[in-house]
file target-v7.csv (CSV, N, CA and C atoms)
chain,number,residue,atom,x,y,z
Y,28,MET,N,23.5,-30.7,0.5
Y,28,MET,CA,22.7,-29.9,1.3
Y,28,MET,C,23.3,-28.5,1.3
Y,29,LEU,N,22.3,-27.5,1.2
Y,29,LEU,CA,22.7,-26.1,1.2
Y,29,LEU,C,23.0,-25.7,2.6
Y,30,PRO,N,24.0,-24.8,2.8
Y,30,PRO,CA,24.3,-24.2,4.1
Y,30,PRO,C,23.2,-23.3,4.6
Y,31,SER,N,23.0,-23.3,5.9
Y,31,SER,CA,22.0,-22.5,6.5
Y,31,SER,C,22.4,-21.0,6.5
Y,32,ASN,N,21.5,-20.2,6.1
Y,32,ASN,CA,21.7,-18.7,6.1
Y,32,ASN,C,20.6,-18.0,6.8
Y,33,ASN,N,20.9,-17.4,8.0
Y,33,ASN,CA,19.9,-16.7,8.8
Y,33,ASN,C,19.7,-15.3,8.3
Y,34,ASN,N,20.5,-14.8,7.3
Y,34,ASN,CA,20.4,-13.5,6.8
Y,34,ASN,C,19.6,-13.5,5.5
Y,35,VAL,N,18.3,-13.8,5.6
Y,35,VAL,CA,17.4,-13.8,4.5
Y,35,VAL,C,17.1,-12.4,4.0
Y,36,VAL,N,17.2,-12.1,2.7
Y,36,VAL,CA,17.0,-10.8,2.2
Y,36,VAL,C,15.8,-10.9,1.2
Y,37,SER,N,14.9,-9.9,1.2
Y,37,SER,CA,13.8,-9.9,0.3
Y,37,SER,C,14.3,-9.5,-1.1
Y,38,VAL,N,13.7,-10.1,-2.1
Y,38,VAL,CA,14.1,-9.8,-3.5
Y,38,VAL,C,13.1,-8.9,-4.1
Y,39,PHE,N,12.0,-8.6,-3.5
Y,39,PHE,CA,11.0,-7.6,-4.0
Y,39,PHE,C,11.3,-6.2,-3.6
Y,40,ASN,N,11.6,-5.3,-4.5
Y,40,ASN,CA,11.9,-4.0,-4.2
Y,40,ASN,C,11.5,-3.1,-5.4
Y,41,GLU,N,10.2,-2.8,-5.4
Y,41,GLU,CA,9.6,-2.1,-6.6
Y,41,GLU,C,9.2,-0.7,-6.3
Y,42,LYS,N,8.9,0.0,-7.4
Y,42,LYS,CA,8.3,1.4,-7.3
Y,42,LYS,C,6.8,1.3,-7.8
Y,43,LEU,N,6.0,2.2,-7.3
Y,43,LEU,CA,4.6,2.2,-7.7
Y,43,LEU,C,4.5,2.5,-9.2
Y,44,ASP,N,3.7,1.7,-9.9
Y,44,ASP,CA,3.5,1.8,-11.3
Y,44,ASP,C,2.0,1.8,-11.6
Y,45,TYR,N,1.5,2.9,-12.2
Y,45,TYR,CA,0.1,2.9,-12.5
Y,45,TYR,C,-0.2,3.6,-13.8
Y,46,LYS,N,-1.4,3.4,-14.4
Y,46,LYS,CA,-1.7,3.9,-15.7
Y,46,LYS,C,-2.4,5.2,-15.6
Y,47,ASN,N,-3.4,5.3,-14.8
Y,47,ASN,CA,-4.3,6.5,-14.6
Y,47,ASN,C,-4.6,6.6,-13.2
Y,48,SER,N,-5.0,7.8,-12.8
Y,48,SER,CA,-5.5,8.0,-11.4
Y,48,SER,C,-6.7,9.0,-11.5
Y,49,GLU,N,-7.6,8.8,-10.5
Y,49,GLU,CA,-8.7,9.7,-10.4
Y,49,GLU,C,-9.0,9.9,-8.9
Y,50,LYS,N,-9.5,11.1,-8.5
Y,50,LYS,CA,-9.8,11.4,-7.2
Y,50,LYS,C,-11.0,10.5,-6.8
Y,51,TYR,N,-10.9,9.9,-5.6
Y,51,TYR,CA,-11.9,9.0,-5.1
Y,51,TYR,C,-12.0,9.1,-3.6
Y,52,LEU,N,-13.1,9.4,-3.0
Y,52,LEU,CA,-13.3,9.5,-1.6
Y,52,LEU,C,-12.3,10.5,-1.1
Y,53,ASP,N,-11.5,10.1,-0.1
Y,53,ASP,CA,-10.5,11.0,0.5
Y,53,ASP,C,-9.1,10.8,-0.1
Y,54,GLY,N,-9.0,10.0,-1.2
Y,54,GLY,CA,-7.7,9.7,-1.8
Y,54,GLY,C,-7.8,9.6,-3.3
Y,55,TYR,N,-7.2,8.5,-3.8
Y,55,TYR,CA,-7.1,8.3,-5.3
Y,55,TYR,C,-7.3,6.9,-5.6
Y,56,LYS,N,-7.9,6.6,-6.7
Y,56,LYS,CA,-8.1,5.3,-7.3
Y,56,LYS,C,-7.2,5.2,-8.5
Y,57,LEU,N,-6.2,4.3,-8.4
Y,57,LEU,CA,-5.2,4.2,-9.4
Y,57,LEU,C,-5.5,2.9,-10.3
Y,58,GLU,N,-5.4,3.0,-11.6
Y,58,GLU,CA,-5.5,1.9,-12.5
Y,58,GLU,C,-4.1,1.2,-12.6
Y,59,VAL,N,-4.1,-0.1,-12.2
Y,59,VAL,CA,-2.9,-0.8,-12.2
Y,59,VAL,C,-3.1,-2.1,-13.0
Y,60,ASN,N,-2.1,-2.9,-13.1
Y,60,ASN,CA,-2.3,-4.3,-13.8
Y,60,ASN,C,-3.1,-5.2,-12.8
Y,61,ASN,N,-3.8,-6.1,-13.4
Y,61,ASN,CA,-4.5,-7.1,-12.6
Y,61,ASN,C,-3.6,-7.8,-11.6
Y,62,ASN,N,-4.1,-8.0,-10.4
Y,62,ASN,CA,-3.3,-8.7,-9.4
Y,62,ASN,C,-2.0,-8.0,-9.1
Y,63,TYR,N,-1.9,-6.7,-9.2
Y,63,TYR,CA,-0.7,-5.9,-9.0
Y,63,TYR,C,-0.1,-6.1,-7.6
Y,64,LEU,N,1.2,-6.3,-7.6
Y,64,LEU,CA,2.0,-6.5,-6.4
Y,64,LEU,C,2.3,-5.1,-5.9
Y,65,VAL,N,1.7,-4.7,-4.7
Y,65,VAL,CA,1.8,-3.3,-4.2
Y,65,VAL,C,3.0,-3.1,-3.4
Y,66,PRO,N,3.9,-2.1,-3.8
Y,66,PRO,CA,5.1,-1.8,-3.0
Y,66,PRO,C,4.8,-0.7,-2.0
Y,67,SER,N,5.5,-0.7,-0.9
Y,67,SER,CA,5.4,0.4,0.1
Y,67,SER,C,6.1,1.6,-0.5
Y,68,LEU,N,5.4,2.8,-0.3
Y,68,LEU,CA,5.9,4.0,-0.8
Y,68,LEU,C,7.1,4.5,0.0
Y,69,LEU,N,7.1,4.3,1.3
Y,69,LEU,CA,8.2,4.7,2.2
Y,69,LEU,C,8.3,3.7,3.4
Y,70,ASP,N,9.4,3.8,4.2
Y,70,ASP,CA,9.5,3.0,5.4
Y,70,ASP,C,8.4,3.4,6.3
Y,71,GLY,N,8.0,2.4,7.1
Y,71,GLY,CA,6.9,2.7,8.1
Y,71,GLY,C,6.5,1.5,8.9
Y,72,VAL,N,5.4,1.6,9.6
Y,72,VAL,CA,4.9,0.5,10.5
Y,72,VAL,C,3.4,0.3,10.1
Y,73,ILE,N,3.1,-1.0,10.0
Y,73,ILE,CA,1.7,-1.4,9.7
Y,73,ILE,C,0.8,-1.1,10.9
Y,74,SER,N,-0.2,-0.2,10.8
Y,74,SER,CA,-1.0,0.1,12.0
Y,74,SER,C,-2.4,-0.4,11.9
Y,75,TYR,N,-2.8,-0.9,10.7
Y,75,TYR,CA,-4.2,-1.4,10.6
Y,75,TYR,C,-4.2,-2.4,9.4
Y,76,ILE,N,-4.9,-3.5,9.6
Y,76,ILE,CA,-5.2,-4.4,8.5
Y,76,ILE,C,-6.7,-4.8,8.7
Y,77,GLY,N,-7.5,-4.6,7.7
Y,77,GLY,CA,-8.9,-4.9,7.9
Y,77,GLY,C,-9.7,-4.5,6.6
Y,78,GLU,N,-11.0,-4.1,6.9
Y,78,GLU,CA,-11.9,-3.7,5.8
Y,78,GLU,C,-12.4,-2.3,6.1
Y,79,LYS,N,-12.6,-1.6,5.0
Y,79,LYS,CA,-13.3,-0.3,5.1
Y,79,LYS,C,-14.3,-0.2,4.0
Y,80,GLU,N,-15.5,0.3,4.3
Y,80,GLU,CA,-16.5,0.5,3.3
Y,80,GLU,C,-16.0,1.2,2.1
Y,81,ASP,N,-16.4,0.8,0.9
Y,81,ASP,CA,-16.1,1.4,-0.4
Y,81,ASP,C,-14.7,1.1,-0.9
Y,82,ILE,N,-13.8,0.6,-0.1
Y,82,ILE,CA,-12.5,0.3,-0.6
Y,82,ILE,C,-12.0,-1.1,-0.2
Y,83,GLY,N,-12.9,-1.9,0.4
Y,83,GLY,CA,-12.6,-3.3,0.7
Y,83,GLY,C,-11.5,-3.5,1.7
Y,84,ASN,N,-10.7,-4.5,1.4
Y,84,ASN,CA,-9.5,-4.8,2.3
Y,84,ASN,C,-8.5,-3.8,2.2
Y,85,VAL,N,-8.0,-3.3,3.4
Y,85,VAL,CA,-7.0,-2.2,3.4
Y,85,VAL,C,-5.9,-2.6,4.3
Y,86,ILE,N,-4.8,-1.9,4.1
Y,86,ILE,CA,-3.6,-1.9,5.0
Y,86,ILE,C,-3.2,-0.4,5.2
Y,87,VAL,N,-3.0,-0.1,6.4
Y,87,VAL,CA,-2.7,1.3,6.8
Y,87,VAL,C,-1.2,1.3,7.3
Y,88,VAL,N,-0.4,2.2,6.7
Y,88,VAL,CA,1.0,2.3,7.1
Y,88,VAL,C,1.3,3.7,7.7
Y,89,GLU,N,1.8,3.7,8.9
Y,89,GLU,CA,2.3,5.0,9.5
Y,89,GLU,C,3.7,5.2,9.0
Y,90,GLN,N,3.9,6.1,8.0
Y,90,GLN,CA,5.3,6.2,7.4
Y,90,GLN,C,6.2,7.0,8.4
Y,91,THR,N,7.5,6.9,8.2
Y,91,THR,CA,8.4,7.6,9.0
Y,91,THR,C,8.4,9.1,8.8
Y,92,ASP,N,7.8,9.6,7.7
Y,92,ASP,CA,7.7,11.0,7.4
Y,92,ASP,C,6.5,11.7,8.1
Y,93,GLY,N,5.7,10.9,8.8
Y,93,GLY,CA,4.5,11.4,9.5
Y,93,GLY,C,3.2,11.3,8.7
Y,94,VAL,N,3.3,10.7,7.6
Y,94,VAL,CA,2.1,10.6,6.7
Y,94,VAL,C,1.5,9.2,6.9
Y,95,THR,N,0.2,9.1,7.1
Y,95,THR,CA,-0.5,7.8,7.2
Y,95,THR,C,-1.1,7.5,5.8
Y,96,VAL,N,-0.6,6.4,5.3
Y,96,VAL,CA,-1.1,6.0,3.9
Y,96,VAL,C,-2.0,4.8,4.0
Y,97,THR,N,-3.2,4.9,3.4
Y,97,THR,CA,-4.1,3.8,3.3
Y,97,THR,C,-4.1,3.2,1.9
Y,98,TYR,N,-3.8,1.9,1.9
Y,98,TYR,CA,-3.8,1.1,0.6
Y,98,TYR,C,-5.0,0.3,0.6
Y,99,GLY,N,-5.9,0.4,-0.4
Y,99,GLY,CA,-7.1,-0.3,-0.5
Y,99,GLY,C,-7.3,-1.1,-1.8
Y,100,TYR,N,-8.4,-1.9,-1.9
Y,100,TYR,CA,-8.7,-2.8,-2.9
Y,100,TYR,C,-7.7,-4.0,-3.0
Y,101,LEU,N,-7.3,-4.4,-1.8
Y,101,LEU,CA,-6.4,-5.5,-1.7
Y,101,LEU,C,-7.1,-6.8,-1.5
Y,102,LYS,N,-6.5,-7.9,-2.0
Y,102,LYS,CA,-7.1,-9.3,-1.8
Y,102,LYS,C,-6.1,-10.1,-0.9
Y,103,ASN,N,-4.9,-9.9,-1.0
Y,103,ASN,CA,-3.9,-10.6,-0.2
Y,103,ASN,C,-2.9,-9.6,0.4
Y,104,ASN,N,-2.4,-9.9,1.6
Y,104,ASN,CA,-1.4,-9.0,2.1
Y,104,ASN,C,-0.2,-9.9,2.5
Y,105,ASN,N,0.9,-9.2,2.5
Y,105,ASN,CA,2.2,-9.8,2.8
Y,105,ASN,C,2.8,-9.4,4.1
Y,106,VAL,N,2.0,-8.7,4.9
Y,106,VAL,CA,2.5,-8.1,6.2
Y,106,VAL,C,1.6,-8.5,7.3
Y,107,LYS,N,2.1,-8.2,8.5
Y,107,LYS,CA,1.3,-8.4,9.7
Y,107,LYS,C,1.2,-7.1,10.5
Y,108,LEU,N,0.2,-7.0,11.4
Y,108,LEU,CA,0.1,-5.8,12.2
Y,108,LEU,C,1.4,-5.5,13.0
Y,109,TYR,N,1.8,-4.3,12.9
Y,109,TYR,CA,3.0,-3.8,13.6
Y,109,TYR,C,4.3,-4.2,13.0
Y,110,ASP,N,4.2,-4.8,11.8
Y,110,ASP,CA,5.5,-5.0,11.1
Y,110,ASP,C,6.1,-3.7,10.7
Y,111,HIS,N,7.5,-3.7,10.7
Y,111,HIS,CA,8.2,-2.5,10.1
Y,111,HIS,C,8.5,-2.9,8.7
Y,112,ILE,N,8.2,-2.0,7.8
Y,112,ILE,CA,8.4,-2.3,6.4
Y,112,ILE,C,9.4,-1.2,5.8
Y,113,GLU,N,10.1,-1.5,4.8
Y,113,GLU,CA,11.0,-0.6,4.1
Y,113,GLU,C,10.4,-0.2,2.8
Y,114,LYS,N,10.8,1.0,2.3
Y,114,LYS,CA,10.4,1.5,1.0
Y,114,LYS,C,10.6,0.5,-0.1
Y,115,GLY,N,9.6,0.3,-0.9
Y,115,GLY,CA,9.7,-0.7,-2.0
Y,115,GLY,C,9.3,-2.1,-1.6
Y,116,SER,N,9.2,-2.4,-0.3
Y,116,SER,CA,8.9,-3.8,0.0
Y,116,SER,C,7.4,-4.1,-0.3
Y,117,LEU,N,7.1,-5.4,-0.4
Y,117,LEU,CA,5.8,-5.9,-0.8
Y,117,LEU,C,4.8,-5.7,0.4
Y,118,ILE,N,3.7,-5.0,0.1
Y,118,ILE,CA,2.6,-4.9,1.1
Y,118,ILE,C,1.5,-5.9,0.8
Y,119,GLY,N,1.2,-6.1,-0.4
Y,119,GLY,CA,0.1,-7.0,-0.8
Y,119,GLY,C,-0.2,-7.0,-2.2
Y,120,GLU,N,-1.4,-7.6,-2.6
Y,120,GLU,CA,-1.7,-7.7,-4.0
Y,120,GLU,C,-3.2,-7.2,-4.2
Y,121,THR,N,-3.4,-6.5,-5.3
Y,121,THR,CA,-4.7,-5.9,-5.6
Y,121,THR,C,-5.7,-7.1,-6.0
Y,122,LYS,N,-7.0,-6.9,-5.7
Y,122,LYS,CA,-7.9,-7.9,-6.1
Y,122,LYS,C,-8.3,-7.8,-7.5
Y,123,ASP,N,-8.0,-6.7,-8.2
Y,123,ASP,CA,-8.3,-6.6,-9.6
Y,123,ASP,C,-7.3,-5.6,-10.2
Y,124,ASN,N,-7.8,-4.7,-11.0
Y,124,ASN,CA,-6.8,-3.7,-11.6
Y,124,ASN,C,-6.9,-2.3,-11.0
Y,125,TYR,N,-7.3,-2.2,-9.8
Y,125,TYR,CA,-7.4,-0.9,-9.1
Y,125,TYR,C,-6.7,-1.0,-7.7
Y,126,LEU,N,-6.1,0.2,-7.4
Y,126,LEU,CA,-5.4,0.3,-6.1
Y,126,LEU,C,-5.9,1.7,-5.5
Y,127,TYR,N,-6.4,1.7,-4.3
Y,127,TYR,CA,-6.8,2.9,-3.6
Y,127,TYR,C,-5.7,3.4,-2.7
Y,128,LEU,N,-5.4,4.7,-2.8
Y,128,LEU,CA,-4.4,5.3,-1.9
Y,128,LEU,C,-5.0,6.6,-1.3
Y,129,SER,N,-4.8,6.8,0.0
Y,129,SER,CA,-5.0,8.1,0.6
Y,129,SER,C,-3.9,8.4,1.5
Y,130,PHE,N,-3.7,9.7,1.7
Y,130,PHE,CA,-2.6,10.3,2.5
Y,130,PHE,C,-3.1,11.2,3.5
Y,131,LEU,N,-2.8,10.9,4.8
Y,131,LEU,CA,-3.3,11.7,5.9
Y,131,LEU,C,-2.2,12.2,6.8
Y,132,LYS,N,-2.1,13.5,7.0
Y,132,LYS,CA,-1.1,14.1,7.8
Y,132,LYS,C,-1.7,15.2,8.7
Y,133,ASP,N,-1.5,15.2,10.0
Y,133,ASP,CA,-2.0,16.1,10.9
Y,133,ASP,C,-3.5,16.3,10.7
Y,134,LYS,N,-4.3,15.2,10.6
Y,134,LYS,CA,-5.7,15.2,10.4
Y,134,LYS,C,-6.3,15.8,9.1
Y,135,ASP,N,-5.4,16.0,8.2
Y,135,ASP,CA,-5.8,16.5,6.9
Y,135,ASP,C,-5.4,15.6,5.8
Y,136,TYR,N,-6.3,15.3,4.8
Y,136,TYR,CA,-6.0,14.5,3.7
Y,136,TYR,C,-5.2,15.3,2.7
Y,137,LEU,N,-4.1,14.7,2.2
Y,137,LEU,CA,-3.2,15.4,1.3
Y,137,LEU,C,-3.6,15.2,-0.2
Y,138,ASP,N,-3.4,16.2,-1.0
Y,138,ASP,CA,-3.6,16.1,-2.4
Y,138,ASP,C,-2.2,15.8,-3.1
Y,139,ILE,N,-2.2,14.7,-3.9
Y,139,ILE,CA,-0.9,14.3,-4.5
Y,139,ILE,C,-0.7,14.9,-5.9
Y,140,LYS,N,-1.6,15.7,-6.4
Y,140,LYS,CA,-1.4,16.3,-7.7
Y,140,LYS,C,-1.0,17.7,-7.6

call {"tool": "encode", "arguments": {"input": "target-v7.csv", "output": "structure tokens"}}
result
Amino acid sequence: MLPSNNNVVSVFNEKLDYKNSEKYLDGYKLEVNNNYLVPSLLDGVISYIGEKEDIGNVIVVEQTDGVTVTYGYLKNNNVKLYDHIEKGSLIGETKDNYLYLSFLKDKDYLDIK
């Protein structure tokens, strides 16, 4: 029998990897691998999990730098509302080979290019 260990550590710690990007709505549509496992861009708190028109299932993260990031085109998520997440931790999985991202700070959408 294995000893009990209450200090469980996540083994997923990735960086965002995409092939192409294009401006879409208030953010960007990124081409990723099918069923891509989406990492958190920075530390933050999950503030919304639900659906939005045109981008399907979404997760919204209030990052510690004051930027609100919306992750869209998701089919599965690995987080719950108000979870604290760390940079690189698993947020969810894309439903196909696209990921939507938007960045909002002080009521303005940010351009990442």

call {"tool": "closest_residue", "arguments": {"input": "target-v7.csv", "among": "Y:Val65, Y:Ile86, Y:Ile112, Y:Leu57", "to": "Gly99 of chain Y", "atoms": "all atoms listed in the file"}}
result
Y:Ile86

call {"tool": "residues_around", "arguments": {"input": "target-v7.csv", "residues": "Ser116 of chain Y", "least_positions_apart": "2", "cutoff": "7 Å", "atoms": "all atoms listed in the file", "output": "JSON, numbers by chain"}}
result
{"Y": [39, 40, 41, 65, 66, 67, 68, 112, 113, 114, 118, 119]}

call {"tool": "residues_around", "arguments": {"input": "target-v7.csv", "residues": "Asp53 of chain Y", "least_positions_apart": "6", "cutoff": "7 Å", "atoms": "all atoms listed in the file", "output": "MDAnalysis selection string"}}
result
chainID Y and resid 128:130 136:137

call {"tool": "closest_residue", "arguments": {"input": "target-v7.csv", "among": "Y:Asp92, Y:Asp123, Y:Asp133, Y:Ile139", "to": "Val59 of chain Y", "atoms": "only N, CA and C atoms"}}
result
Y:Asp123

call {"tool": "residues_around", "arguments": {"input": "target-v7.csv", "residues": "Asn62 of chain Y", "least_positions_apart": "6", "cutoff": "8 Å", "atoms": "all atoms listed in the file", "output": "list in words"}}
result
Gly119, Glu120, Thr121, Lys122, Asp123, Asn124 and Tyr125 of chain Y

call {"tool": "atom_distance", "arguments": {"input": "target-v7.csv", "atom1": "atom CA of Glu89 of chain Y", "atom2": "atom CA of Tyr55 of chain Y"}}
result
17.8 Å

call {"tool": "atom_distance", "arguments": {"input": "target-v7.csv", "atom1": "atom C of Val96 of chain Y", "atom2": "atom C of Glu49 of chain Y"}}
result
15.5 Å

call {"tool": "atom_distance", "arguments": {"input": "target-v7.csv", "atom1": "atom C of Ile76 of chain Y", "atom2": "atom CA of Thr91 of chain Y"}}
result
19.5 Å

call {"tool": "closest_residue", "arguments": {"input": "target-v7.csv", "among": "Y:Lys79, Y:His111, Y:Lys46, Y:Lys134", "to": "Tyr63 of chain Y", "atoms": "only C-alpha atoms"}}
result
Y:Lys46

call {"tool": "closest_residue", "arguments": {"input": "target-v7.csv", "among": "Y:Thr95, Y:Tyr100, Y:Leu43, Y:Val72", "to": "Gly115 of chain Y", "atoms": "all atoms listed in the file"}}
result
Y:Leu43

call {"tool": "select_by_dssp", "arguments": {"input": "target-v7.csv", "residues": "chain Y", "states": "strand (DSSP E)", "output": "PyMOL selection string"}}
result
chain Y and resi 47-51+54-58+64-66+71-79+83-90+95-104+111-112+117-121+125-132+135-136

call {"tool": "build_atoms", "arguments": {"input": "target-v7.csv", "residues": "segment 40-50 of chain Y", "atoms": "all heavy atoms", "output": "JSON list (two decimals), in the frame of the given file"}}
result
[["chain", "number", "residue", "atom", "x", "y", "z"],
["Y", 40, "ASN", "N", 11.60, -5.30, -4.50],
["Y", 40, "ASN", "CA", 11.90, -4.00, -4.20],
["Y", 40, "ASN", "C", 11.50, -3.10, -5.40],
["Y", 40, "ASN", "O", 12.28, -2.88, -6.25],
["Y", 40, "ASN", "CB", 13.36, -3.73, -3.82],
["Y", 40, "ASN", "CG", 13.59, -2.35, -3.25],
["Y", 40, "ASN", "OD1", 12.77, -1.45, -3.40],
["Y", 40, "ASN", "ND2", 14.72, -2.18, -2.61],
["Y", 41, "GLU", "N", 10.20, -2.80, -5.40],
["Y", 41, "GLU", "CA", 9.60, -2.10, -6.60],
["Y", 41, "GLU", "C", 9.20, -0.70, -6.30],
["Y", 41, "GLU", "O", 9.13, -0.26, -5.15],
["Y", 41, "GLU", "CB", 8.42, -2.93, -7.03],
["Y", 41, "GLU", "CG", 8.72, -4.35, -7.40],
["Y", 41, "GLU", "CD", 9.58, -4.48, -8.64],
["Y", 41, "GLU", "OE1", 9.41, -3.68, -9.57],
["Y", 41, "GLU", "OE2", 10.41, -5.40, -8.67],
["Y", 42, "LYS", "N", 8.90, 0.00, -7.40],
["Y", 42, "LYS", "CA", 8.30, 1.40, -7.30],
["Y", 42, "LYS", "C", 6.80, 1.30, -7.80],
["Y", 42, "LYS", "O", 6.50, 0.40, -8.56],
["Y", 42, "LYS", "CB", 9.06, 2.33, -8.18],
["Y", 42, "LYS", "CG", 10.45, 2.60, -7.70],
["Y", 42, "LYS", "CD", 11.14, 3.61, -8.58],
["Y", 42, "LYS", "CE", 12.55, 3.85, -8.06],
["Y", 42, "LYS", "NZ", 13.29, 4.77, -8.91],
["Y", 43, "LEU", "N", 6.00, 2.20, -7.30],
["Y", 43, "LEU", "CA", 4.60, 2.20, -7.70],
["Y", 43, "LEU", "C", 4.50, 2.50, -9.20],
["Y", 43, "LEU", "O", 5.07, 3.44, -9.66],
["Y", 43, "LEU", "CB", 3.85, 3.23, -6.85],
["Y", 43, "LEU", "CG", 2.36, 3.34, -7.07],
["Y", 43, "LEU", "CD1", 1.67, 2.04, -6.65],
["Y", 43, "LEU", "CD2", 1.79, 4.50, -6.29],
["Y", 44, "ASP", "N", 3.70, 1.70, -9.90],
["Y", 44, "ASP", "CA", 3.50, 1.80, -11.30],
["Y", 44, "ASP", "C", 2.00, 1.80, -11.60],
["Y", 44, "ASP", "O", 1.36, 0.79, -11.27],
["Y", 44, "ASP", "CB", 4.25, 0.71, -12.05],
["Y", 44, "ASP", "CG", 4.18, 0.85, -13.55],
["Y", 44, "ASP", "OD1", 4.09, 1.99, -14.05],
["Y", 44, "ASP", "OD2", 4.21, -0.19, -14.23],
["Y", 45, "TYR", "N", 1.50, 2.90, -12.20],
["Y", 45, "TYR", "CA", 0.10, 2.90, -12.50],
["Y", 45, "TYR", "C", -0.20, 3.60, -13.80],
["Y", 45, "TYR", "O", 0.67, 4.35, -14.29],
["Y", 45, "TYR", "CB", -0.75, 3.55, -11.37],
["Y", 45, "TYR", "CG", -0.38, 4.99, -11.10],
["Y", 45, "TYR", "CD1", -1.09, 6.03, -11.69],
["Y", 45, "TYR", "CD2", 0.68, 5.30, -10.26],
["Y", 45, "TYR", "CE1", -0.75, 7.34, -11.45],
["Y", 45, "TYR", "CE2", 1.02, 6.62, -10.01],
["Y", 45, "TYR", "CZ", 0.31, 7.64, -10.61],
["Y", 45, "TYR", "OH", 0.64, 8.95, -10.38],
["Y", 46, "LYS", "N", -1.40, 3.40, -14.40],
["Y", 46, "LYS", "CA", -1.70, 3.90, -15.70],
["Y", 46, "LYS", "C", -2.40, 5.20, -15.60],
["Y", 46, "LYS", "O", -2.14, 6.15, -16.35],
["Y", 46, "LYS", "CB", -2.49, 2.87, -16.51],
["Y", 46, "LYS", "CG", -1.74, 1.57, -16.74],
["Y", 46, "LYS", "CD", -2.64, 0.48, -17.27],
["Y", 46, "LYS", "CE", -1.86, -0.81, -17.32],
["Y", 46, "LYS", "NZ", -2.64, -1.98, -17.21],
["Y", 47, "ASN", "N", -3.40, 5.30, -14.80],
["Y", 47, "ASN", "CA", -4.30, 6.50, -14.60],
["Y", 47, "ASN", "C", -4.60, 6.60, -13.20],
["Y", 47, "ASN", "O", -4.60, 5.64, -12.41],
["Y", 47, "ASN", "CB", -5.58, 6.33, -15.44],
["Y", 47, "ASN", "CG", -5.33, 6.30, -16.93],
["Y", 47, "ASN", "OD1", -4.65, 7.16, -17.46],
["Y", 47, "ASN", "ND2", -5.86, 5.28, -17.59],
["Y", 48, "SER", "N", -5.00, 7.80, -12.80],
["Y", 48, "SER", "CA", -5.50, 8.00, -11.40],
["Y", 48, "SER", "C", -6.70, 9.00, -11.50],
["Y", 48, "SER", "O", -6.81, 9.84, -12.37],
["Y", 48, "SER", "CB", -4.42, 8.60, -10.53],
["Y", 48, "SER", "OG", -4.10, 9.92, -10.90],
["Y", 49, "GLU", "N", -7.60, 8.80, -10.50],
["Y", 49, "GLU", "CA", -8.70, 9.70, -10.40],
["Y", 49, "GLU", "C", -9.00, 9.90, -8.90],
["Y", 49, "GLU", "O", -8.76, 9.08, -8.05],
["Y", 49, "GLU", "CB", -9.97, 9.20, -11.06],
["Y", 49, "GLU", "CG", -10.51, 7.91, -10.48],
["Y", 49, "GLU", "CD", -11.70, 7.37, -11.25],
["Y", 49, "GLU", "OE1", -11.52, 6.99, -12.42],
["Y", 49, "GLU", "OE2", -12.80, 7.32, -10.66],
["Y", 50, "LYS", "N", -9.50, 11.10, -8.50],
["Y", 50, "LYS", "CA", -9.80, 11.40, -7.20],
["Y", 50, "LYS", "C", -11.00, 10.50, -6.80],
["Y", 50, "LYS", "O", -11.93, 10.34, -7.54],
["Y", 50, "LYS", "CB", -10.25, 12.91, -7.08],
["Y", 50, "LYS", "CG", -10.45, 13.39, -5.68],
["Y", 50, "LYS", "CD", -9.13, 13.76, -5.05],
["Y", 50, "LYS", "CE", -9.40, 14.49, -3.75],
["Y", 50, "LYS", "NZ", -8.72, 13.91, -2.63]]
